[in-house]
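Student: Encoded as C-alpha cells, here's the structure I'll be asking about.
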Amino acid sequence: MIWILMFVGSIAASIFGIIYMTKSISRFSAIKNNIIAFILIIAVFIFFAFKLTWMNALLITIYTTLFFLLFGLIGFIIGKLSKHSFRVYWQGWLALFSSIIFLGTGYYLCFSVVETDYQLTTNKDLGALKIALITDSHIGTTFDGEGFAAHIKTISLQNPDLLIISGDYVDDDTKRVDMEKACEALGDTNFKYGVWFAYGNHDKGYFDSRDFSAADLENALIQNGVHILEDEYELVDNLFYIVGRADKNTTPNRASIQELLSDIDENKYIIVIDHEPADYAAEAASAADLVLCGHTHGGQMIPITHFGVLSGIDDSTYGLETHNDTNFIVSSGISDWALYFKTGTRSEYVIIDINGN
C-alpha cells in the first residue's frame, strides 16, 4: 500500500512539476517561451525514460523540480527583502547544477558497492565466526547475473564462514537467465557453512510477469546447495542456529519469533534472518542473539530516508542497534529496487566478525 501511495503522490507531484518547470525553464534567456520550455521538458523526460526507465525519469523530474522550487523560493525571498530584480536567472542555474550533483552522486552511490564491517562479541561458546550478508540484490536492476557473480567473487575474497541472503534476491523484472547465473555463482562458492537464504517480499513475485516461477527460483537455489529457511531453523555444526523467518509483508500469518525459537537450545548462538526490520520488540524479547535484515535500502533517498521509522512501518532504517542482548543489523542492500539512485546511503555488502568464548 505504501508504494501505491508513493506512486500516486509521485504522479500528482509530476503534473504540478511540469507546470512549474515550464514557467521556470522559460525564464532562461536562451528560451523565453513556454511552448519551447514544455517541449524541452518532455524531450528530456523521454530521453531518460529510454536511457534508464520511466520510473527513473519520473524521479529525476521530481527532484529537479524540488531544486527549482527551493531556489525559486530563495530567490523570491531575497528579491522581496532587497527590492532588487536580477538580470541573471541565478536561481535556475543553481537548481540545474544542484540537480546534476545530487542525482549524479545518487547514481554513483547506488551502483558502486562497498564493504561495511561490524565487530560483535558474545559470551556463548561460539569461537570466531565470520558472516557475509547481502540483501536486496534485486537482480536485473543495477547488475545482471554475471554482475552478481562478480560481487560474490569479491565477497569470497574475505573468506567468510558463511553467506546469508536476507531477502529480495530477485525482482519482478529479473530474467530467468540472470536468476540462474546468480544461483550458479552461489553454487560455485566454498564457504565453510554454506549459503543461507530467507525470502523477501519481491522474491516470489507480485505480478506473475517473470519468465520463471517461485518454484523455479526455489529449485535453482536448492540445486546450487543454498539452504532455504522459511519459518524454519537449522543447527549448524552443533555451534549455532540459523533461523529464517517468512517475509512479514507477504506472509501475514507467519510464525511468531517465540514459536520459532520455542524448542531451540538457548545456550547456543542464534542468528535470525528477517527481511523486514519490523519486529524488533518481539525479537529483542526472544533468545535471538543476532537479527539480520534488509528491505529499507538504507532509507533510499533524501528527504524520505527515515519515513519508514517515522510512519511506524519499520523499526530501523540502517545499521547496528542493540536491544536487550540482541544485536540488529539492517543493510542498505547490494543493489536497489527499480530506482538507480541512492542518497544518504549507498549500496553495500556486509562482513560481520563475531567473537565468542
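Going by the C-alpha cells order, chains are called A, B, ..., each with residues numbered from 1, while ligands are numbered from 1 in the order shown.
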Give the helix (DSSP H, G or I) residues of range 193-324 of chain A, as assigned by DSSP on the backbone, as an NGL selection string.

Tutor: :A and (214-223 or 257-260 or 280-285 or 297-299 or 307-310)

Student: Within 10 Å of range 172-179 of chain A, which residues of range 216-278 of chain A come that close, and what is the closest atom pair and distance in Å for each? Count only C-alpha atoms and give it as JSON lines.

Tutor:
{"residue": "A:Asp216", "atom": "CA", "partner": "A:Arg176", "partner_atom": "CA", "distance": 8.9}
{"residue": "A:Leu217", "atom": "CA", "partner": "A:Met179", "partner_atom": "CA", "distance": 7.4}
{"residue": "A:Ala220", "atom": "CA", "partner": "A:Met179", "partner_atom": "CA", "distance": 8.3}
{"residue": "A:Leu221", "atom": "CA", "partner": "A:Met179", "partner_atom": "CA", "distance": 9.4}

Student: Export, as a PDB file, in the first residue's frame, the selected residues with N, CA, C and O atoms.

Tutor:
ATOM      1  N   ASP A 216      10.551 -22.304  -9.628  1.00  0.00           N
ATOM      2  CA  ASP A 216      11.800 -22.353 -10.398  1.00  0.00           C
ATOM      3  C   ASP A 216      12.953 -21.744  -9.605  1.00  0.00           C
ATOM      4  O   ASP A 216      14.071 -22.270  -9.606  1.00  0.00           O
ATOM      5  N   LEU A 217      12.677 -20.622  -8.943  1.00  0.00           N
ATOM      6  CA  LEU A 217      13.699 -19.982  -8.117  1.00  0.00           C
ATOM      7  C   LEU A 217      14.125 -20.908  -6.992  1.00  0.00           C
ATOM      8  O   LEU A 217      15.330 -21.096  -6.746  1.00  0.00           O
ATOM      9  N   ALA A 220      16.277 -23.731  -8.337  1.00  0.00           N
ATOM     10  CA  ALA A 220      17.610 -23.286  -8.738  1.00  0.00           C
ATOM     11  C   ALA A 220      18.494 -23.058  -7.520  1.00  0.00           C
ATOM     12  O   ALA A 220      19.688 -23.391  -7.540  1.00  0.00           O
ATOM     13  N   LEU A 221      17.925 -22.503  -6.458  1.00  0.00           N
ATOM     14  CA  LEU A 221      18.703 -22.292  -5.234  1.00  0.00           C
ATOM     15  C   LEU A 221      19.101 -23.631  -4.611  1.00  0.00           C
ATOM     16  O   LEU A 221      20.268 -23.838  -4.243  1.00  0.00           O
TER      17      LEU A 221
END

Student: Excluding Leu133 in chain A and its own-chain neighbours fewer than 3 positions away, which residues fall within 7 Å of it when counting only C-alpha atoms? Please give them as a PyMOL selection string.

Tutor: chain A and resi 163-165+349-351

Student: Please identify all polymer residues within 9 Å of Ser332 in chain A, counting only C-alpha atoms, omitting same-chain residues fewer than 3 positions from it, and present them as number ranges by chain.

Tutor: A: 135-136, 294-300, 317-319, 335-336, 345-349

Student: Hey, what's within 10 Å of range 225-239 of chain A if we count only C-alpha atoms and toss same-chain stuff fewer than 2 positions away? As a ChimeraX atom specification, please?

Tutor: /A:124-127,163-165,183-184,186-189,193-199,218-223,241-247,254-257,259-261,264-265,267-274

Student: Pick out each residue of range 122-297 of chain A that DSSP on the backbone tags as strand (DSSP E); I need them as an MDAnalysis selection string.

Tutor: chainID A and resid 128:134 162:166 195:198 226:228 232:236 240:244 269:273 290:293

Student: Interatomic distance between CA of Ser262 in chain A and CA of Asp289 in chain A?

Tutor: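 According to the coordinates, CA of Ser262 in chain A and CA of Asp289 in chain A are separated by 14.6 Å.
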
Student: At what distance in Å, to one decimal, does CA of His275 in chain A lie from CA of Thr305 in chain A?

Tutor: 18.0 Å

Student: Report the distance between CA of Asp117 in chain A and CA of Asn357 in chain A in Å, rounded to one decimal place.

Tutor: 20.7 Å
